[in-house]
file structure-v3.pdb (PDB, N, CA, C and O atoms)
ATOM      1  N   MET A   1      -8.935  12.103  14.545
ATOM      2  CA  MET A   1      -8.786  12.662  13.206
ATOM      3  C   MET A   1     -10.011  12.276  12.388
ATOM      4  O   MET A   1     -10.390  11.117  12.339
ATOM      5  N   ASP A   2     -10.622  13.283  11.764
ATOM      6  CA  ASP A   2     -11.817  12.980  10.988
ATOM      7  C   ASP A   2     -11.447  12.428   9.607
ATOM      8  O   ASP A   2     -10.299  12.487   9.176
ATOM      9  N   LYS A   3     -12.456  11.889   8.949
ATOM     10  CA  LYS A   3     -12.254  11.186   7.677
ATOM     11  C   LYS A   3     -11.633  12.060   6.582
ATOM     12  O   LYS A   3     -10.648  11.647   5.961
ATOM     13  N   PRO A   4     -12.148  13.271   6.328
ATOM     14  CA  PRO A   4     -11.526  14.104   5.277
ATOM     15  C   PRO A   4     -10.063  14.442   5.585
ATOM     16  O   PRO A   4      -9.220  14.467   4.684
ATOM     17  N   GLU A   5      -9.763  14.695   6.848
ATOM     18  CA  GLU A   5      -8.392  15.008   7.248
ATOM     19  C   GLU A   5      -7.487  13.791   7.040
ATOM     20  O   GLU A   5      -6.349  13.921   6.566
ATOM     21  N   LEU A   6      -7.986  12.617   7.363
ATOM     22  CA  LEU A   6      -7.221  11.388   7.193
ATOM     23  C   LEU A   6      -6.951  11.122   5.712
ATOM     24  O   LEU A   6      -5.819  10.806   5.323
ATOM     25  N   ILE A   7      -7.969  11.278   4.872
ATOM     26  CA  ILE A   7      -7.782  11.081   3.425
ATOM     27  C   ILE A   7      -6.756  12.085   2.890
ATOM     28  O   ILE A   7      -5.868  11.727   2.112
ATOM     29  N   SER A   8      -6.858  13.322   3.313
ATOM     30  CA  SER A   8      -5.932  14.355   2.861
ATOM     31  C   SER A   8      -4.485  14.011   3.258
ATOM     32  O   SER A   8      -3.564  14.152   2.445
ATOM     33  N   THR A   9      -4.298  13.565   4.466
ATOM     34  CA  THR A   9      -2.962  13.193   4.940
ATOM     35  C   THR A   9      -2.428  11.992   4.172
ATOM     36  O   THR A   9      -1.256  11.970   3.775
ATOM     37  N   LEU A  10      -3.283  11.001   3.934
ATOM     38  CA  LEU A  10      -2.861   9.835   3.160
ATOM     39  C   LEU A  10      -2.482  10.232   1.737
ATOM     40  O   LEU A  10      -1.510   9.713   1.179
ATOM     41  N   LYS A  11      -3.219  11.166   1.154
ATOM     42  CA  LYS A  11      -2.906  11.630  -0.209
ATOM     43  C   LYS A  11      -1.505  12.252  -0.249
ATOM     44  O   LYS A  11      -0.748  12.013  -1.189
ATOM     45  N   GLU A  12      -1.174  13.046   0.772
ATOM     46  CA  GLU A  12       0.158  13.648   0.839
ATOM     47  C   GLU A  12       1.237  12.566   0.894
ATOM     48  O   GLU A  12       2.291  12.708   0.267
ATOM     49  N   ILE A  13       0.969  11.520   1.650
ATOM     50  CA  ILE A  13       1.946  10.444   1.833
ATOM     51  C   ILE A  13       2.149   9.662   0.546
ATOM     52  O   ILE A  13       3.286   9.358   0.168
ATOM     53  N   ILE A  14       1.070   9.329  -0.151
ATOM     54  CA  ILE A  14       1.202   8.458  -1.324
ATOM     55  C   ILE A  14       1.569   9.185  -2.611
ATOM     56  O   ILE A  14       2.054   8.566  -3.552
ATOM     57  N   LYS A  15       1.375  10.500  -2.634
ATOM     58  CA  LYS A  15       1.606  11.268  -3.870
ATOM     59  C   LYS A  15       2.967  10.987  -4.526
ATOM     60  O   LYS A  15       3.027  10.794  -5.741
ATOM     61  N   PRO A  16       4.083  10.940  -3.792
ATOM     62  CA  PRO A  16       5.381  10.706  -4.464
ATOM     63  C   PRO A  16       5.502   9.343  -5.153
ATOM     64  O   PRO A  16       6.361   9.160  -6.013
ATOM     65  N   TYR A  17       4.649   8.402  -4.788
ATOM     66  CA  TYR A  17       4.756   7.038  -5.302
ATOM     67  C   TYR A  17       3.777   6.740  -6.442
ATOM     68  O   TYR A  17       3.856   5.698  -7.076
ATOM     69  N   VAL A  18       2.842   7.653  -6.685
ATOM     70  CA  VAL A  18       1.772   7.441  -7.667
ATOM     71  C   VAL A  18       2.324   7.474  -9.090
ATOM     72  O   VAL A  18       3.088   8.362  -9.449
ATOM     73  N   GLN A  19       1.907   6.486  -9.899
ATOM     74  CA  GLN A  19       2.302   6.428 -11.299
ATOM     75  C   GLN A  19       1.155   6.811 -12.240
ATOM     76  O   GLN A  19       1.379   7.061 -13.413
ATOM     77  N   ASP A  20      -0.077   6.856 -11.722
ATOM     78  CA  ASP A  20      -1.238   7.226 -12.526
ATOM     79  C   ASP A  20      -1.862   8.480 -11.921
ATOM     80  O   ASP A  20      -2.678   8.413 -11.002
ATOM     81  N   GLU A  21      -1.453   9.624 -12.453
ATOM     82  CA  GLU A  21      -1.888  10.911 -11.901
ATOM     83  C   GLU A  21      -3.399  11.115 -12.024
ATOM     84  O   GLU A  21      -4.025  11.684 -11.128
ATOM     85  N   ALA A  22      -3.998  10.646 -13.105
ATOM     86  CA  ALA A  22      -5.451  10.793 -13.284
ATOM     87  C   ALA A  22      -6.206  10.048 -12.188
ATOM     88  O   ALA A  22      -7.179  10.566 -11.625
ATOM     89  N   ALA A  23      -5.770   8.846 -11.890
ATOM     90  CA  ALA A  23      -6.415   8.073 -10.815
ATOM     91  C   ALA A  23      -6.224   8.767  -9.469
ATOM     92  O   ALA A  23      -7.122   8.787  -8.631
ATOM     93  N   PHE A  24      -5.052   9.362  -9.278
ATOM     94  CA  PHE A  24      -4.771  10.069  -8.023
ATOM     95  C   PHE A  24      -5.711  11.264  -7.863
ATOM     96  O   PHE A  24      -6.197  11.532  -6.769
ATOM     97  N   GLN A  25      -5.960  11.980  -8.948
ATOM     98  CA  GLN A  25      -6.842  13.142  -8.893
ATOM     99  C   GLN A  25      -8.277  12.750  -8.555
ATOM    100  O   GLN A  25      -9.029  13.550  -8.012
ATOM    101  N   ASN A  26      -8.663  11.508  -8.874
ATOM    102  CA  ASN A  26     -10.015  11.012  -8.599
ATOM    103  C   ASN A  26     -10.039  10.030  -7.432
ATOM    104  O   ASN A  26     -10.929   9.188  -7.339
ATOM    105  N   LEU A  27      -9.073  10.138  -6.534
ATOM    106  CA  LEU A  27      -8.927   9.208  -5.415
ATOM    107  C   LEU A  27     -10.174   9.168  -4.539
ATOM    108  O   LEU A  27     -10.737  10.211  -4.208
ATOM    109  N   THR A  28     -10.607   7.957  -4.230
ATOM    110  CA  THR A  28     -11.719   7.730  -3.302
ATOM    111  C   THR A  28     -11.277   6.661  -2.311
ATOM    112  O   THR A  28     -10.179   6.126  -2.404
ATOM    113  N   GLU A  29     -12.161   6.313  -1.397
ATOM    114  CA  GLU A  29     -11.856   5.241  -0.446
ATOM    115  C   GLU A  29     -11.642   3.908  -1.152
ATOM    116  O   GLU A  29     -10.950   3.040  -0.643
ATOM    117  N   ASP A  30     -12.238   3.748  -2.316
ATOM    118  CA  ASP A  30     -12.141   2.480  -3.043
ATOM    119  C   ASP A  30     -10.908   2.403  -3.940
ATOM    120  O   ASP A  30     -10.665   1.375  -4.574
ATOM    121  N   THR A  31     -10.131   3.474  -4.013
ATOM    122  CA  THR A  31      -8.949   3.481  -4.869
ATOM    123  C   THR A  31      -7.943   2.442  -4.390
ATOM    124  O   THR A  31      -7.602   2.384  -3.212
ATOM    125  N   HIS A  32      -7.494   1.611  -5.319
ATOM    126  CA  HIS A  32      -6.534   0.540  -5.033
ATOM    127  C   HIS A  32      -5.129   1.061  -5.328
ATOM    128  O   HIS A  32      -4.874   1.612  -6.396
ATOM    129  N   PHE A  33      -4.228   0.908  -4.369
ATOM    130  CA  PHE A  33      -2.875   1.439  -4.524
ATOM    131  C   PHE A  33      -2.141   0.860  -5.730
ATOM    132  O   PHE A  33      -1.497   1.588  -6.485
ATOM    133  N   ILE A  34      -2.238  -0.437  -5.927
ATOM    134  CA  ILE A  34      -1.493  -1.097  -7.010
ATOM    135  C   ILE A  34      -2.267  -1.023  -8.327
ATOM    136  O   ILE A  34      -1.734  -0.578  -9.342
ATOM    137  N   ASP A  35      -3.521  -1.448  -8.318
ATOM    138  CA  ASP A  35      -4.301  -1.519  -9.557
ATOM    139  C   ASP A  35      -4.642  -0.146 -10.134
ATOM    140  O   ASP A  35      -4.571   0.050 -11.347
ATOM    141  N   ASP A  36      -5.019   0.800  -9.281
ATOM    142  CA  ASP A  36      -5.457   2.108  -9.759
ATOM    143  C   ASP A  36      -4.323   3.131  -9.841
ATOM    144  O   ASP A  36      -4.153   3.797 -10.850
ATOM    145  N   LEU A  37      -3.557   3.237  -8.761
ATOM    146  CA  LEU A  37      -2.515   4.259  -8.705
ATOM    147  C   LEU A  37      -1.183   3.788  -9.276
ATOM    148  O   LEU A  37      -0.261   4.569  -9.435
ATOM    149  N   LYS A  38      -1.112   2.486  -9.562
ATOM    150  CA  LYS A  38       0.097   1.885 -10.156
ATOM    151  C   LYS A  38       1.326   2.018  -9.249
ATOM    152  O   LYS A  38       2.455   2.150  -9.719
ATOM    153  N   ILE A  39       1.093   1.993  -7.934
ATOM    154  CA  ILE A  39       2.202   1.985  -6.977
ATOM    155  C   ILE A  39       2.710   0.551  -6.910
ATOM    156  O   ILE A  39       1.942  -0.375  -6.653
ATOM    157  N   ASN A  40       4.011   0.357  -7.154
ATOM    158  CA  ASN A  40       4.519  -1.017  -7.138
ATOM    159  C   ASN A  40       4.634  -1.524  -5.703
ATOM    160  O   ASN A  40       4.606  -0.753  -4.742
ATOM    161  N   SER A  41       4.760  -2.829  -5.563
ATOM    162  CA  SER A  41       4.724  -3.443  -4.235
ATOM    163  C   SER A  41       5.868  -2.970  -3.342
ATOM    164  O   SER A  41       5.701  -2.829  -2.133
ATOM    165  N   ALA A  42       7.041  -2.701  -3.916
ATOM    166  CA  ALA A  42       8.166  -2.198  -3.110
ATOM    167  C   ALA A  42       7.835  -0.809  -2.564
ATOM    168  O   ALA A  42       8.106  -0.511  -1.397
ATOM    169  N   ASN A  43       7.242   0.017  -3.401
ATOM    170  CA  ASN A  43       6.867   1.351  -2.941
ATOM    171  C   ASN A  43       5.703   1.314  -1.967
ATOM    172  O   ASN A  43       5.549   2.226  -1.157
ATOM    173  N   LEU A  44       4.892   0.273  -2.026
ATOM    174  CA  LEU A  44       3.806   0.132  -1.066
ATOM    175  C   LEU A  44       4.372  -0.030   0.348
ATOM    176  O   LEU A  44       3.813   0.481   1.311
ATOM    177  N   ILE A  45       5.504  -0.699   0.452
ATOM    178  CA  ILE A  45       6.199  -0.821   1.741
ATOM    179  C   ILE A  45       6.639   0.573   2.200
ATOM    180  O   ILE A  45       6.497   0.925   3.379
ATOM    181  N   ASP A  46       7.168   1.370   1.268
ATOM    182  CA  ASP A  46       7.573   2.740   1.603
ATOM    183  C   ASP A  46       6.385   3.562   2.079
ATOM    184  O   ASP A  46       6.503   4.349   3.019
ATOM    185  N   VAL A  47       5.242   3.376   1.433
ATOM    186  CA  VAL A  47       4.027   4.075   1.853
ATOM    187  C   VAL A  47       3.699   3.691   3.295
ATOM    188  O   VAL A  47       3.420   4.558   4.131
ATOM    189  N   ALA A  48       3.753   2.410   3.598
ATOM    190  CA  ALA A  48       3.443   1.941   4.950
ATOM    191  C   ALA A  48       4.413   2.540   5.970
ATOM    192  O   ALA A  48       3.996   2.971   7.053
ATOM    193  N   LEU A  49       5.688   2.580   5.618
ATOM    194  CA  LEU A  49       6.687   3.166   6.527
ATOM    195  C   LEU A  49       6.425   4.654   6.744
ATOM    196  O   LEU A  49       6.545   5.160   7.871
ATOM    197  N   ASP A  50       6.059   5.348   5.676
ATOM    198  CA  ASP A  50       5.738   6.773   5.786
ATOM    199  C   ASP A  50       4.489   6.992   6.640
ATOM    200  O   ASP A  50       4.422   7.953   7.419
ATOM    201  N   VAL A  51       3.501   6.107   6.490
ATOM    202  CA  VAL A  51       2.290   6.180   7.311
ATOM    203  C   VAL A  51       2.653   5.975   8.780
ATOM    204  O   VAL A  51       2.181   6.710   9.658
ATOM    205  N   GLU A  52       3.493   4.995   9.043
ATOM    206  CA  GLU A  52       3.928   4.744  10.423
ATOM    207  C   GLU A  52       4.592   5.985  11.015
ATOM    208  O   GLU A  52       4.298   6.374  12.154
ATOM    209  N   ASP A  53       5.488   6.596  10.257
ATOM    210  CA  ASP A  53       6.191   7.783  10.741
ATOM    211  C   ASP A  53       5.232   8.956  10.977
ATOM    212  O   ASP A  53       5.306   9.625  12.006
ATOM    213  N   LYS A  54       4.354   9.190  10.028
ATOM    214  CA  LYS A  54       3.440  10.328  10.110
ATOM    215  C   LYS A  54       2.499  10.226  11.304
ATOM    216  O   LYS A  54       2.243  11.206  11.999
ATOM    217  N   PHE A  55       1.980   9.028  11.549
ATOM    218  CA  PHE A  55       0.979   8.854  12.600
ATOM    219  C   PHE A  55       1.552   8.265  13.891
ATOM    220  O   PHE A  55       0.811   8.036  14.840
ATOM    221  N   ASP A  56       2.866   8.017  13.902
ATOM    222  CA  ASP A  56       3.538   7.437  15.067
ATOM    223  C   ASP A  56       2.851   6.136  15.504
ATOM    224  O   ASP A  56       2.452   5.976  16.661
ATOM    225  N   ILE A  57       2.708   5.235  14.534
ATOM    226  CA  ILE A  57       2.088   3.932  14.775
ATOM    227  C   ILE A  57       2.994   2.843  14.204
ATOM    228  O   ILE A  57       3.958   3.141  13.501
ATOM    229  N   VAL A  58       2.669   1.596  14.513
ATOM    230  CA  VAL A  58       3.364   0.450  13.936
ATOM    231  C   VAL A  58       2.325  -0.396  13.210
ATOM    232  O   VAL A  58       1.306  -0.761  13.780
ATOM    233  N   ILE A  59       2.603  -0.690  11.938
ATOM    234  CA  ILE A  59       1.711  -1.535  11.151
ATOM    235  C   ILE A  59       2.355  -2.914  11.049
ATOM    236  O   ILE A  59       3.420  -3.064  10.460
ATOM    237  N   GLU A  60       1.729  -3.895  11.657
ATOM    238  CA  GLU A  60       2.255  -5.252  11.627
ATOM    239  C   GLU A  60       2.188  -5.814  10.214
ATOM    240  O   GLU A  60       1.390  -5.363   9.394
ATOM    241  N   ASP A  61       3.014  -6.813   9.949
ATOM    242  CA  ASP A  61       3.070  -7.431   8.624
ATOM    243  C   ASP A  61       1.699  -7.946   8.188
ATOM    244  O   ASP A  61       1.334  -7.828   7.014
ATOM    245  N   GLU A  62       0.950  -8.501   9.126
ATOM    246  CA  GLU A  62      -0.378  -9.039   8.800
ATOM    247  C   GLU A  62      -1.307  -7.929   8.296
ATOM    248  O   GLU A  62      -2.010  -8.085   7.304
ATOM    249  N   ALA A  63      -1.281  -6.788   8.965
ATOM    250  CA  ALA A  63      -2.113  -5.656   8.548
ATOM    251  C   ALA A  63      -1.618  -5.094   7.217
ATOM    252  O   ALA A  63      -2.416  -4.737   6.351
ATOM    253  N   LEU A  64      -0.311  -5.045   7.064
ATOM    254  CA  LEU A  64       0.264  -4.551   5.817
ATOM    255  C   LEU A  64      -0.170  -5.406   4.634
ATOM    256  O   LEU A  64      -0.429  -4.895   3.555
ATOM    257  N   GLY A  65      -0.312  -6.689   4.866
ATOM    258  CA  GLY A  65      -0.735  -7.612   3.821
ATOM    259  C   GLY A  65      -2.167  -7.401   3.368
ATOM    260  O   GLY A  65      -2.587  -7.959   2.356
ATOM    261  N   SER A  66      -2.911  -6.589   4.103
ATOM    262  CA  SER A  66      -4.301  -6.322   3.708
ATOM    263  C   SER A  66      -4.536  -4.836   3.447
ATOM    264  O   SER A  66      -5.673  -4.383   3.410
ATOM    265  N   MET A  67      -3.457  -4.081   3.244
ATOM    266  CA  MET A  67      -3.582  -2.638   3.018
ATOM    267  C   MET A  67      -3.388  -2.332   1.534
ATOM    268  O   MET A  67      -2.315  -1.946   1.099
ATOM    269  N   PHE A  68      -4.449  -2.548   0.761
ATOM    270  CA  PHE A  68      -4.356  -2.347  -0.681
ATOM    271  C   PHE A  68      -5.218  -1.202  -1.208
ATOM    272  O   PHE A  68      -5.031  -0.754  -2.320
ATOM    273  N   THR A  69      -6.178  -0.743  -0.392
ATOM    274  CA  THR A  69      -7.028   0.363  -0.819
ATOM    275  C   THR A  69      -6.910   1.508   0.187
ATOM    276  O   THR A  69      -6.440   1.322   1.313
ATOM    277  N   VAL A  70      -7.362   2.658  -0.229
ATOM    278  CA  VAL A  70      -7.356   3.814   0.661
ATOM    279  C   VAL A  70      -8.183   3.509   1.903
ATOM    280  O   VAL A  70      -7.779   3.803   3.025
ATOM    281  N   LYS A  71      -9.331   2.875   1.722
ATOM    282  CA  LYS A  71     -10.204   2.533   2.863
ATOM    283  C   LYS A  71      -9.503   1.595   3.838
ATOM    284  O   LYS A  71      -9.580   1.790   5.056
ATOM    285  N   GLU A  72      -8.805   0.603   3.317
ATOM    286  CA  GLU A  72      -8.088  -0.336   4.197
ATOM    287  C   GLU A  72      -6.994   0.397   4.972
ATOM    288  O   GLU A  72      -6.804   0.150   6.165
ATOM    289  N   ALA A  73      -6.302   1.315   4.308
ATOM    290  CA  ALA A  73      -5.269   2.101   4.998
ATOM    291  C   ALA A  73      -5.903   2.974   6.079
ATOM    292  O   ALA A  73      -5.385   3.068   7.198
ATOM    293  N   MET A  74      -7.040   3.590   5.745
ATOM    294  CA  MET A  74      -7.734   4.427   6.719
ATOM    295  C   MET A  74      -8.181   3.611   7.936
ATOM    296  O   MET A  74      -8.037   4.067   9.074
ATOM    297  N   ASP A  75      -8.693   2.424   7.689
ATOM    298  CA  ASP A  75      -9.146   1.564   8.783
ATOM    299  C   ASP A  75      -7.986   1.193   9.702
ATOM    300  O   ASP A  75      -8.108   1.226  10.929
ATOM    301  N   ILE A  76      -6.848   0.847   9.113
ATOM    302  CA  ILE A  76      -5.677   0.458   9.900
ATOM    303  C   ILE A  76      -5.191   1.641  10.730
ATOM    304  O   ILE A  76      -4.939   1.510  11.933
ATOM    305  N   VAL A  77      -5.060   2.803  10.099
ATOM    306  CA  VAL A  77      -4.589   3.991  10.811
ATOM    307  C   VAL A  77      -5.553   4.355  11.936
ATOM    308  O   VAL A  77      -5.126   4.608  13.072
ATOM    309  N   SER A  78      -6.840   4.381  11.644
ATOM    310  CA  SER A  78      -7.842   4.715  12.661
ATOM    311  C   SER A  78      -7.787   3.756  13.836
ATOM    312  O   SER A  78      -7.836   4.175  15.004
ATOM    313  N   GLU A  79      -7.669   2.474  13.540
ATOM    314  CA  GLU A  79      -7.596   1.456  14.594
ATOM    315  C   GLU A  79      -6.359   1.665  15.463
ATOM    316  O   GLU A  79      -6.431   1.587  16.679
ATOM    317  N   LYS A  80      -5.225   1.939  14.820
ATOM    318  CA  LYS A  80      -3.971   2.124  15.561
ATOM    319  C   LYS A  80      -4.005   3.390  16.412
ATOM    320  O   LYS A  80      -3.521   3.396  17.540
ATOM    321  N   ILE A  81      -4.562   4.462  15.869
ATOM    322  CA  ILE A  81      -4.646   5.724  16.625
ATOM    323  C   ILE A  81      -5.559   5.549  17.834
ATOM    324  O   ILE A  81      -5.253   6.009  18.935
ATOM    325  N   THR A  82      -6.671   4.865  17.636
ATOM    326  CA  THR A  82      -7.622   4.626  18.723
ATOM    327  C   THR A  82      -6.988   3.776  19.829
ATOM    328  O   THR A  82      -7.236   3.989  21.012
ATOM    329  N   ALA A  83      -6.142   2.826  19.430
ATOM    330  CA  ALA A  83      -5.519   1.924  20.406
ATOM    331  C   ALA A  83      -4.395   2.589  21.206
ATOM    332  O   ALA A  83      -3.991   2.051  22.233
ATOM    333  N   LYS A  84      -3.927   3.746  20.747
ATOM    334  CA  LYS A  84      -2.821   4.431  21.446
ATOM    335  C   LYS A  84      -3.224   4.955  22.799
ATOM    336  O   LYS A  84      -4.264   5.367  23.074
TER     337      LYS A  84
END

call {"tool": "encode", "arguments": {"input": "structure-v3.pdb", "output": "structure tokens"}}
result
Amino acid sequence: MDKPELISTLKEIIKPYVQDEAAFQNLTEDTHFIDDLKINSANLIDVALDVEDKFDIVIEDEALGSMFTVKEAMDIVSEKITAK
């Protein structure tokens, strides 16, 4: 999966949880889920579960603990897909 496709898919996944629509419209790899998009920590777990379902991967707790930006999520997903 190429980078634009991955970002687009992640945007679809996180959209229901976003509290700051302006930040969502300007989403980049550096966008922080909590600080920028105002996704609360409980919903961040939901995002991770949705990512797991969408990509048929498992995100370990350790990786989840470092998934705070779009880039970090992309790195985790890419790594998991490659390892399949």

call {"tool": "atom_distance", "arguments": {"input": "structure-v3.pdb", "atom1": "atom N of Glu21 of chain A", "atom2": "atom O of Phe33 of chain A"}}
result
10.0 Å

call {"tool": "atom_distance", "arguments": {"input": "structure-v3.pdb", "atom1": "atom CA of Lys84 of chain A", "atom2": "atom CA of Asp53 of chain A"}}
result
14.4 Å

call {"tool": "axis_aligned_box", "arguments": {"input": "structure-v3.pdb", "around": "segment 49-56 of chain A", "padding_each_side": "5 Å", "output": "lines of an AutoDock Vina configuration file"}}
result
center_x = 3.7
center_y = 6.9
center_z = 11.1
size_x = 15.9
size_y = 18.6
size_z = 21.0

call {"tool": "atom_distance", "arguments": {"input": "structure-v3.pdb", "atom1": "atom CA of Ile45 of chain A", "atom2": "atom CA of Met67 of chain A"}}
result
10.0 Å

call {"tool": "residues_near_point", "arguments": {"input": "structure-v3.pdb", "point": "(4.7, -4.0, 5.5)", "cutoff": "7 Å", "atoms": "all atoms listed in the file", "output": "MDAnalysis selection string"}}
result
chainID A and resid 44:45 48:49 59:65

call {"tool": "resolve_selection", "arguments": {"input": "structure-v3.pdb", "expression": "the PyMOL selection byres (((chain A and resi 1 and name CA) around 10) and name CA)", "output": "list in words"}}
result
Asp2, Lys3, Pro4, Glu5, Leu6, Ile7, Val77, Ser78, Ile81 and Thr82 of chain A

call {"tool": "resolve_selection", "arguments": {"input": "structure-v3.pdb", "expression": "the PyMOL selection byres ((chain A and resi 18) around 8)", "output": "number ranges by chain"}}
result
A: 11, 13-17, 19-21, 24, 33, 36-40

call {"tool": "select_by_dssp", "arguments": {"input": "structure-v3.pdb", "residues": "chain A", "states": "helix (DSSP H, G or I)", "output": "PyMOL selection string"}}
result
chain A and resi 3-17+21-25+41-55+61-64+70-83

call {"tool": "closest_residue", "arguments": {"input": "structure-v3.pdb", "among": "A:Glu12, A:Asp35, A:Glu29, A:Asp50", "to": "Lys71 of chain A", "atoms": "all atoms listed in the file"}}
result
A:Glu29

call {"tool": "closest_residue", "arguments": {"input": "structure-v3.pdb", "among": "A:Ile57, A:Ala42, A:Val47, A:Leu27", "to": "Ser8 of chain A", "atoms": "only C-alpha atoms"}}
result
A:Leu27

call {"tool": "resolve_selection", "arguments": {"input": "structure-v3.pdb", "expression": "the PyMOL selection byres ((chain A and resi 31) around 4.5)", "output": "VMD selection string"}}
result
chain A and resid 28 to 30 32 to 33 68 to 70
